[in-house]
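Here is the structure we will look at.
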Amino acid sequence: MPSSILTGAARLDRLRRTGRPLAFRETYVNSRSVLRSCADPQVASLLGIDLYDEIVVRSRTFVRDDKPTVLALNFIHMRALTSLPELLHEGPMEKFRHDLYAERTGKIITAGPEQSTARLASDNELAEFGIEVPSDVPVPVLVLRSVYSDDDGPLEVWEDILRPGMWHTSNA
């Protein structure tokens, strides 16, 4: 297993530099895109919406050498659907969605600073990583979060949940 991994922000940088969305020997599984009520007060606050307002949630699990390494979540403001109705399709888009958004709206999406925190993994996250432990065993994960905005305010919150034991190398 690699000792360090790429986050969504680093993946975006690589995509822009090389045109490659995935690293060597990397793939992703369990791609989902759904409309959901936003029950997370932090995400609602970051998006500038009311708690339980509807958002688009896109998710996937990145895998390297047959081992899940990152659970990637994108919480997207509903106003993005006006220009990007394909957000609700689970598969990849013809271009990266921020580029399509800029082409269609004339608005550039910019990234805020990447923030990190540690917390205990949920049962769903442990299952996604394929980690089996007794329910009374705490398993810490690193969570990296970035907020992307356009001229009208916050548009998307990215979260990368790193598999226990993985490290993230910061560029800061």
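Each chain in the structure tokens gets a letter, A, B, ..., in the order shown, and its residues are numbered from 1; ligands are numbered from 1 in order too.
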
Select from chain A everything DSSP, run on the backbone, classes as strand (DSSP E), then give the selection as an MDAnalysis selection string. chainID A and resid 4:5 26:37 54:64 67:76 110:111 115:120 140:150 153:162 167:168

List every residue of region 58-147 of chain A that DSSP, applied to the backbone of this structure, places in helix (DSSP H, G or I), and write the result as an MDAnalysis selection string. chainID A and resid 80:83 85:88 97:105 123:129

Using only C-alpha atoms, which residues sit within 10 Å of Glu156 (chain A) once same-chain residues fewer than 5 positions away are excluded, as a PyMOL selection string? chain A and resi 43+46-47+55-57+74-78+80+98+109+111+146-150

Name the closest residue to Phe62 (chain A) among the candidates A:Arg104, A:Leu162, A:Val29, A:Pro113; distances are taken between atoms, counting only C-alpha atoms.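 Distance minimum relative to Phe62 (chain A) lands on A:Val29.
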
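Shell of Tyr28 (chain A) at 8 Å, with only C-alpha atoms counted and residues fewer than 2 places along the chain excluded, is Glu26, Asn30, Ser31, Arg60, Thr61, Phe62 and Val63 of chain A.
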
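Here the question is which of A:Ser59, A:Arg119, A:Cys38, A:Glu159 gets nearest to Gly91 (chain A) using only C-alpha atoms, and that residue is A:Ser59.
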